[in-house]
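Worksheet for the structure shown next.
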Amino acid sequence: MLRLIFILIFFVAVGCKDNSATNPAVQDIVDKSIEVSGGNLYKACDISFALRGIRYELENVNGRKILKRIIKKDSTIILDILKHNSFERYINGDLVNVADSMAAKYSNSINSVHYFAYLPYGLNDPAVNKKLLGETQIGDGQYYKVEVTFDKKGGGEDFEDIYIYWINKETFKPDYLAYQFNTDGGGARFRKAFNERIINGIRFVDYYNYKASENISVYELEALFKLKKLELLSTIRLEDISVNPHSCN
């Protein structure tokens with residue numbers, strides 16, 4: 001009887017070991033994805049890029065992020081600065097008053113652009129909850145399918161949004177993502193990364209941005225993408241990217 005128990009324990013232990021080897025914990029998957037995409041450089045380097053004619057800048061100062069957006073219209077320069085959860089707007093160098101409702105709107109917009117530009121780095125933010133939904137295949141690639149939700153505290157105005165990331169099992173890079181949002185009537189989007197480039201150690205990609213013909217759940221987008229039932233809504237391209245190597249220390 002004891003021998004039989006020891007045999008059962010052995011096979012259970014081996015089975016658990018094999019399972020953990022083939023299905024690593026979701027935190028390990030995300031950590032590896034961040035590491036191969038830039039790792040600690042995200043929080044050490046100053047970064048800037050252009051998106052649709054607007055300049056965005058990230059400064060890392062004493063362990064804190066300062067996010068900027070620079071809009072040029074003829075002779076007018078609008079500088080928006082988001083730091084320590086406070087928003088400031090300067091027009092041609094002069095600080096101007098901004099209503100709280102508009103400050104929240106601008107802050108959310110700036111946060112969103114920077115968030116997508118530095119993925120997967122933001123997936124370890126304190127308010128993020130991660131869950132491994134399983135494994136899947138898209139095209140020739142095998143992927144870990146990771147769901148991301150947010151705590152209300154620290155999750156921003158869009159804390160109810162749901163994201164799914166498809167992280168390549170070989171490269172650990174997020175090749176696809178989808179998200180469900182509630183603002184402006186709500187909806188869901190599916191993005192395919194392309195044009196990968198590594199600039200001073202940090203990975204940047206552009207995206208094909210798709211939508212469904214009707215308002216559906218984020219969990220249905222993968223199947224529709226495989227069936228070519230999604231509509232190409234836009235192409236998102238980061239241009240004139242700069243990573244200051246002298247700030248990466």
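Ligands are numbered from 1 in the order shown, residues from 1 within each chain, and chains are lettered A, B, ... in the order they appear in the structure tokens.
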Checklist entry - Which polymer residues have any atom within 7 Å of an atom of region 184-188 of chain A, counting only C-alpha atoms, with same-chain residues fewer than 5 positions away left out, as a ChimeraX atom specification? => result /A:179,211,215-218
Next on the checklist: Please list as a ChimeraX atom specification every residue within 6 Å of region 55-69 of chain A, counting only C-alpha atoms and excluding residues in the same chain fewer than 2 positions away.
Outcome noted: /A:46-50,79-83
Using C-alpha atoms, can you write the selected residues to a file as an mmCIF file, in the first residue's frame?
data_model
loop_
_atom_site.group_PDB
_atom_site.id
_atom_site.type_symbol
_atom_site.label_atom_id
_atom_site.label_comp_id
_atom_site.auth_asym_id
_atom_site.auth_seq_id
_atom_site.Cartn_x
_atom_site.Cartn_y
_atom_site.Cartn_z
ATOM 1 C CA ASP A 46 14.268 59.293 -22.255
ATOM 2 C CA ILE A 47 12.142 58.506 -25.313
ATOM 3 C CA SER A 48 10.415 60.610 -27.937
ATOM 4 C CA PHE A 49 8.402 59.868 -31.067
ATOM 5 C CA ALA A 50 5.832 61.360 -33.425
ATOM 6 C CA LEU A 79 2.880 71.725 -24.549
ATOM 7 C CA ASP A 80 0.970 69.329 -22.321
ATOM 8 C CA ILE A 81 2.793 67.828 -19.329
ATOM 9 C CA LEU A 82 1.528 64.955 -17.222
ATOM 10 C CA LYS A 83 3.502 64.216 -14.061
#
Checklist outcome for this item: Students should find that CA of Pro120 (chain A) and CA of Lys226 (chain A) are spaced 23.1 Å
Item to check | Shortest interatomic distance to Leu230 (chain A) - which of A:Ala212, A:Ala193, A:Val243, A:Leu123, counting only C-alpha atoms | outcome: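 Nearest candidate to Leu230 (chain A) out of A:Ala212, A:Ala193, A:Val243, A:Leu123: A:Ala212.
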Next on the checklist: Quick check for you: according to DSSP on this backbone, which residues of region 105-183 of chain A are classed as alpha helix (DSSP H)? Reply as a PyMOL selection string.
Outcome noted: chain A and resi 105-117
Checklist entry - With only C-alpha atoms as the atoms that count, which of A:Lys131, A:His114, A:Arg237, A:Lys229 lies nearest to Tyr208 (chain A)? => result A:Arg237
